[in-house]
Amino acid sequence: MSIDHSKQLEAFSEALMKEGFSVNIIEKSEERPYETVLVFLTQENHPAGGLQLELSFIPNMEEQLAGLSLLQCFVDVSNTSIDNLELEKAVTTVNQSIPLVGFGILAKPTMLCFRHTLMLLPKMEDNIPLVIQTTWLISYLLEVFEDNLTQIAEEKTTIAEAFDGHPFAHLLV
C-alpha cells in the first residue's frame, strides 16, 4: 500500500497554519533522507521565544502495520551535555504524570527531547484533527515542563528545587 506522505505533511502544515502555528516544510535531501514539517511552538519565557517541533513519517511502516503510518513528533528541548541521574529521575516522574508521554534523553547526540509517535489511519482527513490536537498538547506540555527539566539538565538544580512552586509539584516531588 502506497501512502503519499508528502501530501499528508502538506495537509498537516495547512491545518496547523490555520491554527496559528508558524510552519515550514523541509524537503527530502542528501542531509535529511525524509521530508519534515517544522512547527514553531511559541513559549513566553523561552530565551529563543519557543521550540521547534519536527513532524516526519517513519518510512516504510505501512506494510508492517496494515496500512497505518507512524508520524514522529520530535522536539530538541536542550542539547546540553547530559550525564545526570537527577534528570533521568525527573523525566521518568514527569512522564508518569502527563497525558502524552514523550520527554526523554537521547544518547547520541546527547540531548533532552520530547518524542512521541502517532499511529495514523490511511485516510488523511481522519488524521488532521489528531495531528492538530497532539501539536497543541505537546506545545502545552513543553510550556509547563521544559524550563524545569532544562534547569535539571544543565545541573543548575535538583528535582525538588526545580519544581518548587510549580503548579504540578504535588504530582512530581
# chains A, B, ... in the order shown; residues from 1 in each chain; ligands from 1
>>> residues_around(residues="Leu41 in chain A", least_positions_apart="6", cutoff="8 Å", atoms="only C-alpha atoms", output="short mmCIF file (atom, residue, chain, number, x, y, z; two decimals) with N, CA and C atoms, in the first residue's frame")
data_model
loop_
_atom_site.label_atom_id
_atom_site.label_comp_id
_atom_site.auth_asym_id
_atom_site.auth_seq_id
_atom_site.Cartn_x
_atom_site.Cartn_y
_atom_site.Cartn_z
N PHE A 21 -0.06 28.41 13.98
CA PHE A 21 1.33 28.00 14.10
C PHE A 21 2.13 28.48 12.89
N SER A 22 3.39 28.80 13.12
CA SER A 22 4.32 29.09 12.05
C SER A 22 4.91 27.76 11.60
N GLY A 50 10.64 30.16 21.85
CA GLY A 50 9.91 28.90 21.72
C GLY A 50 10.81 27.79 21.23
N LEU A 51 10.18 26.69 20.92
CA LEU A 51 10.90 25.49 20.46
C LEU A 51 10.34 25.05 19.12
N GLN A 52 11.06 24.17 18.46
CA GLN A 52 10.66 23.70 17.14
C GLN A 52 10.26 22.24 17.20
N LEU A 53 9.05 21.97 16.77
CA LEU A 53 8.53 20.61 16.67
C LEU A 53 8.77 20.11 15.25
N SER A 139 2.79 21.37 22.70
CA SER A 139 3.12 22.77 22.99
C SER A 139 2.85 23.10 24.46
#
>>> select_by_dssp(residues="range 73-167 of chain A", states="strand (DSSP E)", output="list of chain:residue names")
A:Cys73, A:Phe74, A:Val75, A:Asp76, A:Val77, A:Ser78, A:Phe103, A:Gly104, A:Ile105, A:Leu106, A:Met111, A:Leu112, A:Cys113, A:Phe114, A:Arg115, A:His116, A:Thr117, A:Leu118, A:Met119, A:Leu120
>>> write_last_selection(atoms="N, CA, C and O atoms", output="JSON list (two decimals), in the first residue's frame")
[["chain", "number", "residue", "atom", "x", "y", "z"],
["A", 73, "CYS", "N", 6.78, 12.87, 16.24],
["A", 73, "CYS", "CA", 6.73, 14.25, 16.73],
["A", 73, "CYS", "C", 7.98, 14.42, 17.61],
["A", 73, "CYS", "O", 8.09, 13.74, 18.63],
["A", 74, "PHE", "N", 8.89, 15.30, 17.22],
["A", 74, "PHE", "CA", 10.17, 15.40, 17.92],
["A", 74, "PHE", "C", 10.53, 16.85, 18.20],
["A", 74, "PHE", "O", 10.43, 17.70, 17.32],
["A", 75, "VAL", "N", 10.97, 17.12, 19.43],
["A", 75, "VAL", "CA", 11.44, 18.44, 19.82],
["A", 75, "VAL", "C", 12.78, 18.28, 20.55],
["A", 75, "VAL", "O", 12.87, 17.53, 21.52],
["A", 76, "ASP", "N", 13.80, 18.99, 20.07],
["A", 76, "ASP", "CA", 15.08, 19.07, 20.77],
["A", 76, "ASP", "C", 14.89, 20.11, 21.87],
["A", 76, "ASP", "O", 14.81, 21.30, 21.60],
["A", 77, "VAL", "N", 14.76, 19.64, 23.10],
["A", 77, "VAL", "CA", 14.48, 20.55, 24.22],
["A", 77, "VAL", "C", 15.76, 21.23, 24.69],
["A", 77, "VAL", "O", 15.81, 22.44, 24.90],
["A", 78, "SER", "N", 16.81, 20.45, 24.88],
["A", 78, "SER", "CA", 18.08, 21.01, 25.35],
["A", 78, "SER", "C", 19.20, 20.11, 24.88],
["A", 78, "SER", "O", 19.23, 18.93, 25.22],
["A", 103, "PHE", "N", 8.80, 12.97, 27.09],
["A", 103, "PHE", "CA", 10.10, 13.50, 27.47],
["A", 103, "PHE", "C", 11.09, 12.36, 27.55],
["A", 103, "PHE", "O", 10.76, 11.26, 27.99],
["A", 104, "GLY", "N", 12.32, 12.60, 27.10],
["A", 104, "GLY", "CA", 13.33, 11.56, 27.11],
["A", 104, "GLY", "C", 14.71, 12.14, 26.96],
["A", 104, "GLY", "O", 14.90, 13.35, 26.78],
["A", 105, "ILE", "N", 15.68, 11.27, 27.01],
["A", 105, "ILE", "CA", 17.08, 11.65, 26.86],
["A", 105, "ILE", "C", 17.67, 10.78, 25.75],
["A", 105, "ILE", "O", 17.70, 9.56, 25.87],
["A", 106, "LEU", "N", 18.11, 11.42, 24.67],
["A", 106, "LEU", "CA", 18.77, 10.69, 23.60],
["A", 106, "LEU", "C", 20.23, 10.48, 23.96],
["A", 106, "LEU", "O", 20.85, 11.33, 24.58],
["A", 111, "MET", "N", 20.91, 14.61, 24.34],
["A", 111, "MET", "CA", 20.01, 15.75, 24.46],
["A", 111, "MET", "C", 18.74, 15.36, 25.20],
["A", 111, "MET", "O", 18.32, 14.22, 25.18],
["A", 112, "LEU", "N", 18.18, 16.35, 25.86],
["A", 112, "LEU", "CA", 16.84, 16.24, 26.43],
["A", 112, "LEU", "C", 15.89, 16.53, 25.28],
["A", 112, "LEU", "O", 16.07, 17.50, 24.55],
["A", 113, "CYS", "N", 14.91, 15.66, 25.10],
["A", 113, "CYS", "CA", 13.98, 15.85, 23.98],
["A", 113, "CYS", "C", 12.56, 15.49, 24.40],
["A", 113, "CYS", "O", 12.32, 14.98, 25.49],
["A", 114, "PHE", "N", 11.65, 15.80, 23.51],
["A", 114, "PHE", "CA", 10.28, 15.31, 23.62],
["A", 114, "PHE", "C", 10.03, 14.55, 22.33],
["A", 114, "PHE", "O", 10.20, 15.10, 21.23],
["A", 115, "ARG", "N", 9.67, 13.28, 22.44],
["A", 115, "ARG", "CA", 9.42, 12.45, 21.26],
["A", 115, "ARG", "C", 8.18, 11.62, 21.51],
["A", 115, "ARG", "O", 8.06, 10.92, 22.51],
["A", 116, "HIS", "N", 7.26, 11.76, 20.57],
["A", 116, "HIS", "CA", 6.04, 10.97, 20.63],
["A", 116, "HIS", "C", 5.73, 10.49, 19.22],
["A", 116, "HIS", "O", 5.98, 11.21, 18.25],
["A", 117, "THR", "N", 5.22, 9.29, 19.09],
["A", 117, "THR", "CA", 4.89, 8.75, 17.77],
["A", 117, "THR", "C", 3.39, 8.49, 17.70],
["A", 117, "THR", "O", 2.82, 7.84, 18.58],
["A", 118, "LEU", "N", 2.77, 9.02, 16.64],
["A", 118, "LEU", "CA", 1.34, 8.83, 16.40],
["A", 118, "LEU", "C", 1.14, 7.74, 15.36],
["A", 118, "LEU", "O", 1.83, 7.73, 14.33],
["A", 119, "MET", "N", 0.19, 6.87, 15.58],
["A", 119, "MET", "CA", -0.20, 5.90, 14.57],
["A", 119, "MET", "C", -1.37, 6.53, 13.81],
["A", 119, "MET", "O", -2.39, 6.86, 14.41],
["A", 120, "LEU", "N", -1.18, 6.71, 12.51],
["A", 120, "LEU", "CA", -2.18, 7.40, 11.70],
["A", 120, "LEU", "C", -2.91, 6.44, 10.77],
["A", 120, "LEU", "O", -2.33, 5.48, 10.27]]
>>> closest_residue(among="A:Met17, A:Leu85, A:Ala48, A:Val39", to="Thr135 in chain A", atoms="only C-alpha atoms")
A:Val39
>>> residues_around(residues="Leu121 in chain A", least_positions_apart="4", cutoff="8 Å", atoms="only C-alpha atoms", output="NGL selection string")
:A and (67-69 or 126-127)
>>> write_last_selection(atoms="N, CA and C atoms", output="JSON list (two decimals), in the first residue's frame")
[["chain", "number", "residue", "atom", "x", "y", "z"],
["A", 67, "GLY", "N", -1.34, -0.88, 6.62],
["A", 67, "GLY", "CA", -1.73, 0.38, 6.01],
["A", 67, "GLY", "C", -1.67, 1.59, 6.91],
["A", 68, "LEU", "N", -1.36, 1.40, 8.17],
["A", 68, "LEU", "CA", -1.24, 2.53, 9.09],
["A", 68, "LEU", "C", 0.15, 3.13, 8.98],
["A", 69, "SER", "N", 0.27, 4.42, 9.28],
["A", 69, "SER", "CA", 1.56, 5.12, 9.22],
["A", 69, "SER", "C", 1.96, 5.57, 10.62],
["A", 126, "ASP", "N", -8.89, 11.90, 8.29],
["A", 126, "ASP", "CA", -9.13, 11.38, 9.64],
["A", 126, "ASP", "C", -7.99, 11.75, 10.60],
["A", 127, "ASN", "N", -6.82, 12.03, 10.05],
["A", 127, "ASN", "CA", -5.63, 12.28, 10.87],
["A", 127, "ASN", "C", -5.43, 13.76, 11.22]]
>>> residues_around(residues="Ser13 in chain A", least_positions_apart="3", cutoff="12 Å", atoms="only C-alpha atoms", output="NGL selection string")
:A and (6-10 or 16-26 or 36-40 or 53-56 or 128 or 131-132 or 135)
>>> write_last_selection(atoms="N, CA, C and O atoms", output="tab-separated table (two decimals), in the first residue's frame")
chain	number	residue	atom	x	y	z
A	6	SER	N	4.13	13.04	1.52
A	6	SER	CA	4.30	14.46	1.18
A	6	SER	C	2.96	15.17	1.19
A	6	SER	O	2.83	16.27	1.74
A	7	LYS	N	1.97	14.55	0.60
A	7	LYS	CA	0.63	15.15	0.55
A	7	LYS	C	0.05	15.29	1.96
A	7	LYS	O	-0.58	16.29	2.30
A	8	GLN	N	0.27	14.27	2.80
A	8	GLN	CA	-0.23	14.34	4.17
A	8	GLN	C	0.47	15.45	4.96
A	8	GLN	O	-0.18	16.22	5.65
A	9	LEU	N	1.80	15.54	4.83
A	9	LEU	CA	2.54	16.58	5.54
A	9	LEU	C	2.10	17.97	5.09
A	9	LEU	O	1.99	18.90	5.91
A	10	GLU	N	1.81	18.12	3.82
A	10	GLU	CA	1.31	19.39	3.31
A	10	GLU	C	-0.05	19.73	3.92
A	10	GLU	O	-0.29	20.86	4.34
A	16	LEU	N	-2.25	23.26	10.50
A	16	LEU	CA	-1.56	23.88	11.63
A	16	LEU	C	-1.40	25.39	11.44
A	16	LEU	O	-1.49	26.15	12.40
A	17	MET	N	-1.20	25.83	10.20
A	17	MET	CA	-1.13	27.28	9.94
A	17	MET	C	-2.48	27.94	10.25
A	17	MET	O	-2.52	29.03	10.81
A	18	LYS	N	-3.58	27.25	9.94
A	18	LYS	CA	-4.92	27.78	10.27
A	18	LYS	C	-5.11	27.90	11.77
A	18	LYS	O	-5.90	28.72	12.23
A	19	GLU	N	-4.37	27.09	12.53
A	19	GLU	CA	-4.42	27.14	13.99
A	19	GLU	C	-3.51	28.23	14.55
A	19	GLU	O	-3.46	28.43	15.76
A	20	GLY	N	-2.75	28.90	13.70
A	20	GLY	CA	-1.89	29.99	14.12
A	20	GLY	C	-0.43	29.62	14.31
A	20	GLY	O	0.36	30.45	14.75
A	21	PHE	N	-0.06	28.41	13.98
A	21	PHE	CA	1.33	28.00	14.10
A	21	PHE	C	2.13	28.48	12.89
A	21	PHE	O	1.61	28.52	11.78
A	22	SER	N	3.39	28.80	13.12
A	22	SER	CA	4.32	29.09	12.05
A	22	SER	C	4.91	27.76	11.60
A	22	SER	O	5.43	27.00	12.43
A	23	VAL	N	4.80	27.48	10.29
A	23	VAL	CA	5.15	26.15	9.77
A	23	VAL	C	6.03	26.28	8.54
A	23	VAL	O	5.81	27.14	7.69
A	24	ASN	N	7.03	25.39	8.44
A	24	ASN	CA	7.87	25.28	7.25
A	24	ASN	C	7.98	23.81	6.87
A	24	ASN	O	8.09	22.95	7.76
A	25	ILE	N	8.00	23.54	5.58
A	25	ILE	CA	8.23	22.17	5.10
A	25	ILE	C	9.67	22.09	4.61
A	25	ILE	O	10.10	22.91	3.80
A	26	ILE	N	10.42	21.13	5.12
A	26	ILE	CA	11.79	20.89	4.69
A	26	ILE	C	11.76	19.67	3.77
A	26	ILE	O	11.37	18.58	4.19
A	36	THR	N	10.17	16.77	6.21
A	36	THR	CA	9.85	17.13	7.59
A	36	THR	C	9.05	18.43	7.62
A	36	THR	O	9.34	19.35	6.87
A	37	VAL	N	8.09	18.48	8.50
A	37	VAL	CA	7.37	19.72	8.77
A	37	VAL	C	7.93	20.27	10.08
A	37	VAL	O	7.98	19.57	11.09
A	38	LEU	N	8.36	21.53	10.05
A	38	LEU	CA	8.85	22.22	11.24
A	38	LEU	C	7.75	23.14	11.74
A	38	LEU	O	7.26	23.98	10.97
A	39	VAL	N	7.38	22.99	13.00
A	39	VAL	CA	6.31	23.79	13.60
A	39	VAL	C	6.92	24.56	14.77
A	39	VAL	O	7.47	23.96	15.69
A	40	PHE	N	6.83	25.89	14.71
A	40	PHE	CA	7.37	26.69	15.80
A	40	PHE	C	6.35	26.75	16.93
A	40	PHE	O	5.20	27.14	16.72
A	53	LEU	N	9.05	21.97	16.77
A	53	LEU	CA	8.53	20.61	16.67
A	53	LEU	C	8.77	20.11	15.25
A	53	LEU	O	8.45	20.80	14.29
A	54	GLU	N	9.35	18.92	15.14
A	54	GLU	CA	9.56	18.29	13.83
A	54	GLU	C	8.54	17.16	13.68
A	54	GLU	O	8.43	16.29	14.53
A	55	LEU	N	7.81	17.20	12.57
A	55	LEU	CA	6.86	16.13	12.24
A	55	LEU	C	7.39	15.42	11.00
A	55	LEU	O	7.63	16.06	9.96
A	56	SER	N	7.61	14.11	11.12
A	56	SER	CA	8.09	13.34	9.97
A	56	SER	C	7.59	11.91	10.08
A	56	SER	O	7.43	11.38	11.18
A	128	ILE	N	-5.98	14.65	10.43
A	128	ILE	CA	-5.72	16.08	10.65
A	128	ILE	C	-6.11	16.53	12.05
A	128	ILE	O	-5.31	17.17	12.73
A	131	VAL	N	-3.48	15.28	14.57
A	131	VAL	CA	-2.20	15.98	14.49
A	131	VAL	C	-2.33	17.38	15.11
A	131	VAL	O	-1.44	17.81	15.85
A	132	ILE	N	-3.42	18.06	14.85
A	132	ILE	CA	-3.63	19.39	15.44
A	132	ILE	C	-3.67	19.30	16.97
A	132	ILE	O	-2.97	20.05	17.66
A	135	THR	N	-0.31	18.44	18.48
A	135	THR	CA	0.61	19.58	18.44
A	135	THR	C	0.29	20.55	19.56
A	135	THR	O	1.20	21.03	20.25
